[in-house]
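The data block below is start.cif; it holds mmCIF, C-alpha atoms.
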```cif
data_run
loop_
_atom_site.label_atom_id
_atom_site.label_comp_id
_atom_site.auth_asym_id
_atom_site.auth_seq_id
_atom_site.Cartn_x
_atom_site.Cartn_y
_atom_site.Cartn_z
CA MET A 1 0.00 0.00 0.00
CA ALA A 2 1.17 3.54 -0.72
CA ILE A 3 0.40 4.82 2.78
CA ILE A 4 3.05 4.08 5.39
CA VAL A 5 2.34 4.32 9.12
CA ASN A 6 5.24 5.81 11.05
CA LEU A 7 3.80 5.15 14.49
CA ASP A 8 6.80 3.10 15.58
CA VAL A 9 9.18 5.95 14.62
CA MET A 10 7.11 8.49 16.53
CA LEU A 11 6.98 6.21 19.56
CA ALA A 12 10.73 5.62 19.44
CA GLN A 13 11.41 9.36 19.20
CA ARG A 14 9.32 9.95 22.31
CA LYS A 15 10.71 6.87 24.04
CA LEU A 16 7.22 5.58 24.53
CA LYS A 17 5.94 2.04 24.41
CA LEU A 18 2.82 0.88 22.60
CA LYS A 19 1.39 -0.12 25.96
CA ASP A 20 1.77 3.43 27.32
CA LEU A 21 0.11 4.94 24.26
CA SER A 22 -2.66 2.37 24.50
CA LYS A 23 -3.36 3.45 28.08
CA GLN A 24 -3.23 7.16 27.19
CA ILE A 25 -5.67 7.06 24.29
CA ASP A 26 -7.81 4.15 25.50
CA ILE A 27 -7.36 1.99 22.41
CA THR A 28 -6.47 -1.67 22.76
CA ILE A 29 -2.84 -2.65 22.27
CA GLN A 30 -3.94 -5.17 19.62
CA ASN A 31 -5.53 -2.44 17.51
CA LEU A 32 -2.49 -0.22 17.88
CA SER A 33 -0.30 -3.14 16.92
CA VAL A 34 -2.36 -3.65 13.76
CA LEU A 35 -1.95 0.04 12.98
CA LYS A 36 1.80 -0.02 13.66
CA SER A 37 2.40 -3.08 11.51
CA GLY A 38 0.63 -1.45 8.57
CA LYS A 39 -2.12 -4.07 8.39
CA ALA A 40 -4.89 -1.55 9.13
CA LYS A 41 -7.28 -0.83 6.26
CA ALA A 42 -8.48 2.52 7.60
CA ILE A 43 -8.11 4.86 10.55
CA ARG A 44 -10.87 6.89 12.15
CA PHE A 45 -10.42 10.64 12.59
CA THR A 46 -11.12 10.22 16.31
CA THR A 47 -8.27 7.68 16.61
CA LEU A 48 -5.93 9.89 14.62
CA ASP A 49 -6.90 12.86 16.76
CA ALA A 50 -6.22 10.92 19.97
CA ILE A 51 -2.83 9.67 18.73
CA CYS A 52 -1.79 13.14 17.56
CA GLU A 53 -2.83 14.64 20.89
CA ALA A 54 -0.94 11.99 22.87
CA LEU A 55 2.21 12.20 20.78
CA ASP A 56 1.95 15.94 20.17
CA CYS A 57 2.35 15.63 16.43
CA CYS A 58 0.46 16.10 13.14
CA PRO A 59 -1.29 13.41 11.09
CA GLY A 60 1.45 13.86 8.47
CA ASP A 61 4.03 12.72 11.00
CA ILE A 62 2.20 9.45 11.49
CA LEU A 63 1.01 8.80 7.95
CA GLN A 64 3.31 9.10 4.98
CA TYR A 65 2.57 8.67 1.29
CA GLN A 66 5.05 6.67 -0.75
CA ALA A 67 4.16 5.89 -4.36
CA ASP A 68 4.17 2.21 -5.31
CA ASN A 69 6.27 1.08 -8.26
CA ASN A 70 3.06 -0.03 -9.98
CA THR A 71 1.46 3.39 -9.47
CA GLU A 72 4.53 5.14 -10.88
CA MET A 73 4.53 2.88 -13.92
CA GLU A 74 0.82 3.56 -14.50
CA GLN A 75 1.43 7.32 -14.31
CA ASP A 76 4.30 7.07 -16.85
CA MET B 1 0.33 -12.43 45.95
CA ILE B 2 -2.81 -14.54 46.35
CA ILE B 3 -4.89 -11.40 46.79
CA ILE B 4 -3.47 -9.98 43.52
CA ILE B 5 -4.33 -13.19 41.68
CA ILE B 6 -7.87 -13.16 43.09
CA ILE B 7 -8.34 -9.50 42.14
CA THR B 8 -7.01 -10.15 38.61
CA LYS B 9 -9.38 -13.10 38.20
CA LYS B 10 -12.32 -10.97 39.37
CA ILE B 11 -11.38 -8.20 36.93
CA ILE B 12 -11.22 -10.73 34.08
CA ALA B 13 -14.62 -12.15 35.13
CA ILE B 14 -16.15 -8.64 35.21
CA ARG B 15 -14.72 -7.88 31.75
CA MET B 16 -16.10 -11.16 30.42
CA SER B 17 -19.56 -10.37 31.76
CA ASP B 18 -19.30 -6.89 30.20
CA LYS B 19 -18.52 -8.48 26.86
CA ASP B 20 -21.51 -10.78 27.24
CA SER B 21 -23.79 -7.90 28.03
CA LYS B 22 -22.53 -6.08 24.94
CA LYS B 23 -23.84 -8.88 22.71
CA THR B 24 -26.83 -7.50 20.95
CA GLN B 25 -30.31 -8.84 21.37
CA THR B 26 -30.31 -9.94 17.74
CA ILE B 27 -27.35 -12.22 18.31
CA HIS B 28 -29.07 -13.72 21.34
CA ARG B 29 -32.19 -14.29 19.26
CA ILE B 30 -30.14 -15.94 16.50
CA ILE B 31 -28.45 -18.21 19.04
CA ARG B 32 -31.79 -19.16 20.61
CA LEU B 33 -33.45 -19.86 17.26
CA SER B 34 -30.39 -21.77 16.04
CA LYS B 35 -30.63 -24.09 19.04
CA ILE B 36 -34.27 -24.86 18.21
CA THR B 37 -33.51 -25.26 14.48
CA LYS B 38 -30.58 -27.56 15.23
CA LEU B 39 -32.81 -29.73 17.35
CA MET B 40 -35.46 -29.85 14.62
CA ILE B 41 -32.83 -30.80 12.02
CA LEU B 42 -31.61 -33.55 14.31
CA ILE B 43 -35.12 -34.93 14.81
CA GLY B 44 -35.89 -34.58 11.09
CA GLY B 45 -32.69 -36.41 10.16
CA ALA B 46 -33.39 -39.21 12.62
CA ILE B 47 -36.94 -39.67 11.29
CA HIS B 48 -35.69 -39.48 7.70
CA ILE B 49 -33.07 -42.20 8.23
CA SER B 50 -35.29 -44.48 10.29
CA VAL B 51 -38.23 -44.26 7.86
CA PHE B 52 -36.00 -44.85 4.85
CA LEU B 53 -34.28 -47.83 6.44
CA PHE B 54 -37.62 -49.17 7.59
CA PHE B 55 -39.01 -49.21 4.04
CA VAL B 56 -35.81 -50.46 2.43
CA GLY B 57 -35.77 -53.30 4.93
CA LEU B 58 -39.47 -53.96 4.55
CA ASN B 59 -39.34 -54.00 0.74
CA SER B 60 -43.08 -53.57 0.63
CA ASP B 61 -45.00 -51.81 -2.14
CA ALA B 62 -42.93 -48.75 -1.43
CA VAL B 63 -43.53 -47.11 -4.75
CA GLN B 64 -46.30 -44.74 -3.79
CA SER B 65 -45.96 -41.42 -2.05
CA LYS B 66 -48.54 -42.46 0.51
CA GLN B 67 -46.12 -44.77 2.28
CA SER B 68 -45.88 -43.68 5.85
CA PHE B 69 -44.45 -44.65 9.16
CA GLY B 70 -46.94 -43.57 11.75
CA ASP B 71 -47.63 -39.97 10.86
CA ASN B 72 -44.31 -39.44 9.12
CA ASN B 73 -44.47 -39.54 5.35
CA VAL B 74 -41.33 -40.35 3.44
CA ASN B 75 -40.66 -37.09 1.68
CA LEU B 76 -38.68 -38.35 -1.28
CA SER B 77 -39.57 -36.99 -4.70
CA ALA B 78 -38.24 -40.14 -6.36
CA ILE B 79 -41.15 -42.11 -4.94
CA SER B 80 -43.83 -39.53 -5.66
CA GLU B 81 -46.79 -40.07 -7.96
CA LYS B 82 -45.07 -39.08 -11.19
CA TRP B 83 -42.42 -41.73 -10.64
CA SER B 84 -44.92 -44.43 -9.73
CA SER B 85 -45.28 -45.86 -13.26
CA TYR B 86 -41.53 -46.05 -13.56
CA ALA B 87 -41.26 -47.60 -10.11
CA SER B 88 -43.98 -50.12 -11.01
CA SER B 89 -42.00 -51.28 -14.04
CA LEU B 90 -38.96 -51.72 -11.78
CA GLU B 91 -41.09 -53.69 -9.33
CA SER B 92 -42.45 -55.86 -12.14
CA SER B 93 -38.84 -56.63 -13.00
CA GLY B 94 -38.39 -57.85 -9.44
CA LEU B 95 -36.31 -54.91 -8.26
CA ASN B 96 -36.76 -52.82 -5.15
CA SER B 97 -37.81 -49.50 -6.66
CA PHE B 98 -37.75 -47.76 -3.31
CA TRP B 99 -34.10 -48.60 -2.81
CA ILE B 100 -33.06 -47.85 -6.40
CA LEU B 101 -34.93 -44.58 -6.87
CA GLY B 102 -34.90 -43.37 -3.32
CA THR B 103 -31.22 -43.74 -2.44
CA VAL B 104 -29.95 -40.76 -4.45
CA ASP B 105 -32.76 -38.65 -3.10
CA PHE B 106 -32.13 -39.87 0.42
CA ILE B 107 -28.37 -39.25 0.28
CA ALA B 108 -28.82 -35.74 -1.12
CA GLN B 109 -31.30 -34.84 1.60
CA LEU B 110 -29.01 -36.34 4.22
CA PHE B 111 -26.12 -34.20 2.98
CA VAL B 112 -28.28 -31.07 3.07
CA LEU B 113 -29.41 -31.91 6.61
CA PHE B 114 -25.82 -32.53 7.69
CA PHE B 115 -24.57 -29.21 6.27
CA LEU B 116 -27.55 -27.41 7.78
CA PHE B 117 -26.77 -28.99 11.15
CA LYS B 118 -23.13 -27.89 10.95
CA LEU B 119 -24.19 -24.41 9.84
CA PHE B 120 -26.57 -23.99 12.75
CA CYS B 121 -23.90 -25.32 15.13
CA LEU B 122 -21.80 -22.33 14.07
CA TYR B 123 -24.76 -19.94 14.36
CA GLU B 124 -25.43 -21.30 17.83
CA LYS B 125 -21.93 -20.27 18.84
CA GLY B 126 -22.61 -16.80 17.46
CA GLU B 127 -20.22 -17.30 14.54
CA ILE B 128 -22.42 -15.81 11.84
CA PHE B 129 -20.17 -14.07 9.35
CA MET B 130 -17.39 -16.64 9.28
CA ALA B 131 -15.68 -18.25 6.29
CA GLN B 132 -16.78 -21.67 7.52
CA SER B 133 -20.48 -20.76 7.63
CA CYS B 134 -20.22 -19.38 4.08
CA ARG B 135 -18.60 -22.65 3.05
CA TYR B 136 -21.49 -24.70 4.51
CA LEU B 137 -24.02 -22.50 2.73
CA GLN B 138 -22.11 -22.98 -0.50
CA LEU B 139 -22.07 -26.75 0.03
CA ILE B 140 -25.85 -26.75 0.60
CA GLY B 141 -26.29 -24.79 -2.64
CA ILE B 142 -24.02 -27.13 -4.59
CA THR B 143 -25.80 -30.21 -3.18
CA LEU B 144 -29.26 -28.86 -4.03
CA PHE B 145 -28.22 -27.78 -7.52
CA SER B 146 -26.48 -31.05 -8.37
CA TYR B 147 -29.39 -32.96 -6.83
CA GLY B 148 -31.74 -31.10 -9.20
CA ILE B 149 -29.59 -32.07 -12.17
CA VAL B 150 -29.27 -35.68 -11.00
CA MET B 151 -33.04 -35.99 -10.55
CA ILE B 152 -33.56 -35.05 -14.21
CA PHE B 153 -31.30 -37.79 -15.50
CA LEU B 154 -31.72 -40.38 -12.76
CA PRO B 155 -34.45 -42.42 -14.54
CA SER B 156 -32.49 -42.62 -17.78
CA ALA B 157 -29.30 -43.55 -15.89
CA VAL B 158 -31.13 -46.22 -13.86
CA SER B 159 -32.84 -47.61 -16.99
CA PHE B 160 -29.56 -47.68 -18.86
CA ILE B 161 -27.72 -49.51 -16.08
CA ILE B 162 -30.54 -52.00 -15.49
CA ASN B 163 -30.92 -52.70 -19.22
CA LEU B 164 -27.19 -53.23 -19.38
CA LEU B 165 -26.94 -55.52 -16.36
CA PHE B 166 -30.17 -57.53 -16.36
CA GLU B 167 -32.18 -59.35 -18.95
CA PHE B 168 -35.56 -58.11 -17.83
CA PRO B 169 -38.07 -56.59 -20.20
CA LYS B 170 -36.30 -53.47 -21.39
CA LEU B 171 -37.08 -50.33 -19.40
CA GLU B 172 -37.82 -47.06 -21.15
CA VAL B 173 -34.91 -44.61 -21.12
CA ASN B 174 -36.51 -41.30 -20.34
CA TYR B 175 -35.92 -38.22 -18.21
CA TYR B 176 -38.11 -35.99 -16.08
CA PHE B 177 -37.99 -32.26 -16.22
CA GLY B 178 -40.82 -30.42 -14.61
CA SER B 179 -41.55 -27.70 -12.11
CA ALA B 180 -40.23 -29.82 -9.21
CA GLU B 181 -36.80 -30.23 -10.82
CA LEU B 182 -36.77 -26.59 -11.85
CA THR B 183 -37.66 -25.50 -8.31
CA GLN B 184 -34.79 -27.64 -7.03
CA LEU B 185 -32.38 -25.99 -9.46
CA ILE B 186 -33.68 -22.52 -8.56
CA TRP B 187 -33.22 -23.18 -4.83
CA GLY B 188 -29.71 -24.46 -5.43
CA ALA B 189 -28.82 -21.41 -7.50
CA VAL B 190 -30.41 -19.01 -4.99
CA ILE B 191 -28.49 -20.52 -2.07
CA LEU B 192 -25.27 -20.44 -4.10
CA VAL B 193 -25.81 -16.72 -4.76
CA ILE B 194 -26.61 -16.10 -1.08
CA SER B 195 -23.43 -17.94 -0.07
CA SER B 196 -21.42 -15.68 -2.41
CA ILE B 197 -23.10 -12.63 -0.84
CA MET B 198 -22.25 -13.99 2.61
CA LYS B 199 -18.64 -14.49 1.52
CA GLU B 200 -18.53 -10.85 0.41
CA ALA B 201 -20.04 -9.82 3.75
CA CYS B 202 -17.35 -11.83 5.57
CA THR B 203 -14.63 -10.00 3.64
CA MET B 204 -16.26 -6.65 4.49
CA LYS B 205 -16.50 -7.66 8.14
CA ASP B 206 -12.82 -8.67 8.20
CA GLU B 207 -11.89 -5.32 6.67
CA GLN B 208 -14.10 -3.53 9.20
CA GLY B 209 -12.08 -5.26 11.91
CA LEU B 210 -8.97 -3.61 10.49
CA VAL B 211 -10.42 -0.10 10.85
CA ILE B 212 -8.71 1.40 13.87
#
```
Would you write the structure of this file as structure tokens?
Amino acid sequence: MAIIVNLDVMLAQRKLKLKDLSKQIDITIQNLSVLKSGKAKAIRFTTLDAICEALDCCPGDILQYQADNNTEMEQD
Amino acid sequence: MIIIIIITKKIIAIRMSDKDSKKTQTIHRIIRLSKITKLMILIGGAIHISVFLFFVGLNSDAVQSKQSFGDNNVNLSAISEKWSSYASSLESSGLNSFWILGTVDFIAQLFVLFFLFKLFCLYEKGEIFMAQSCRYLQLIGITLFSYGIVMIFLPSAVSFIINLLFEFPKLEVNYYFGSAELTQLIWGAVILVISSIMKEACTMKDEQGLVI
């Protein structure tokens, strides 16, 4: 997928664990793990809002767009 | 230490009860109805098998649809009125028409009952939109559809085999295609389509689970 989740990077920068974030934003560690591993299909605005508030960052810091090779080839 | 363990266990128990209470009323209704349906399927299957075995063993004039065991009629289309002339010619050849014509019918119905039973076992557990339940629905559809096709060509196949194996007066090679066979095919096709829709719903549900 072209969207990359940088949650692990943000957590590492803040020296936080997934467990701590899970407690702060009241989302299960399993769901956060799915999000971190990039398996998530979608993210709710409320979840994004809570993560941004807890990590003091912007959505762009967590989500990053990286074009797939296939997409690039289609555009060419 | 013991106190901590007890407290942890109590917390887990409270969470479990919370989860139970979160189950919607609809799910509870489905579970309740599934239990009743499963029981009915079980009783139906038992009656079906016992009645069939009773008549196969009895080898009486089991060619008419009016054959019954107490109040339970044998609901096999292969021994219904329209087949009676064909069954009579088998009987006149000294063959057990009930066994020959009824077995395919019986097996197909048994398969459908078995898949229905397994399906409702899953529903009883609350596993509604699961890949396995879609699979059972698909199997029911396939069984019904193929059963419809088999019932069209069963007389000709039976005649052909009997003419080939025995030296009785030759049986007519014919096939039946009427509203009953068509209804069977329609039901098979409808259930196959529903199973595909269920499969799509399962995929959507799985994706919904990945929305954080």
Neighbour list for region 10-19 of chain A as a ChimeraX atom specification, cut-off 12 Å, all atoms listed in the file, skip fewer than 4 positions in-chain: /A:5-6,23-37,51-52,54-63
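Take CA of Tyr136 (chain B) and CA of Leu119 (chain B): the distance between them is 6.0 Å.
Between CA of Val51 (chain B) and CA of Leu139 (chain B) there is a distance of 25.1 Å.
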Contacts between chain B and chain A, please, where a residue of chain A counts if it comes within 6 Å (with only C-alpha atoms); show its shortest atom pair and distance in Å to one decimal, rows by chain and ascending number, as JSON lines.
```
{"residue": "A:Ala40", "atom": "CA", "partner": "B:Leu210", "partner_atom": "CA", "distance": 4.8}
{"residue": "A:Lys41", "atom": "CA", "partner": "B:Leu210", "partner_atom": "CA", "distance": 5.3}
{"residue": "A:Ala42", "atom": "CA", "partner": "B:Val211", "partner_atom": "CA", "distance": 4.6}
{"residue": "A:Ile43", "atom": "CA", "partner": "B:Ile212", "partner_atom": "CA", "distance": 4.8}
```
Closest of A:Gly38, A:Ala67, A:Asp20, A:Arg44 to Ile4 (chain A) - atom-to-atom distances counting all atoms listed in the file: A:Gly38
Residue contacts of Val112 (chain B) (10 Å, all atoms listed in the file) excluding same-chain residues fewer than 5 positions away, as JSON, numbers by chain: {"B": [45, 106, 107, 117, 118, 136, 137, 139, 140, 141, 142, 143, 144]}
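The spacing separating CA of Ala50 (chain A) from CA of Leu7 (chain A) amounts to 12.8 Å.
Comparing the minimum interatomic distances between His28 (chain B) and each of B:Val190, B:Val56, B:Ile128, B:Leu90, counting all atoms listed in the file, we find that B:Ile128 sits nearest.
The residues that lie within 12 Å of the point (-33.1, -23.1, -7.1), counting all atoms listed in the file, are Ile140, Gly141, Ile142, Thr143, Leu144, Phe145, Ser146, Tyr147, Gly148, Ile149, Ser179, Ala180, Glu181, Leu182, Thr183, Gln184, Leu185, Ile186, Trp187, Gly188, Ala189, Val190, Ile191, Leu192, Val193 and Ile194 of chain B.
Of the listed residues B:Ile161, B:Gln132, B:Ser97, B:Gly126, the one whose atoms come nearest to Thr26 (chain B) is B:Gly126, with distances taken using all atoms listed in the file.
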How big is the axis-aligned box, and where does its centre sit, when it encloses all atoms of region 51-56 of chain A listed in the file and has 3 Å added on every side, reported in Å to one decimal as lines of an AutoDock Vina configuration file?
```
center_x = -0.3
center_y = 12.8
center_z = 20.2
size_x = 11.0
size_y = 12.3
size_z = 11.3
```
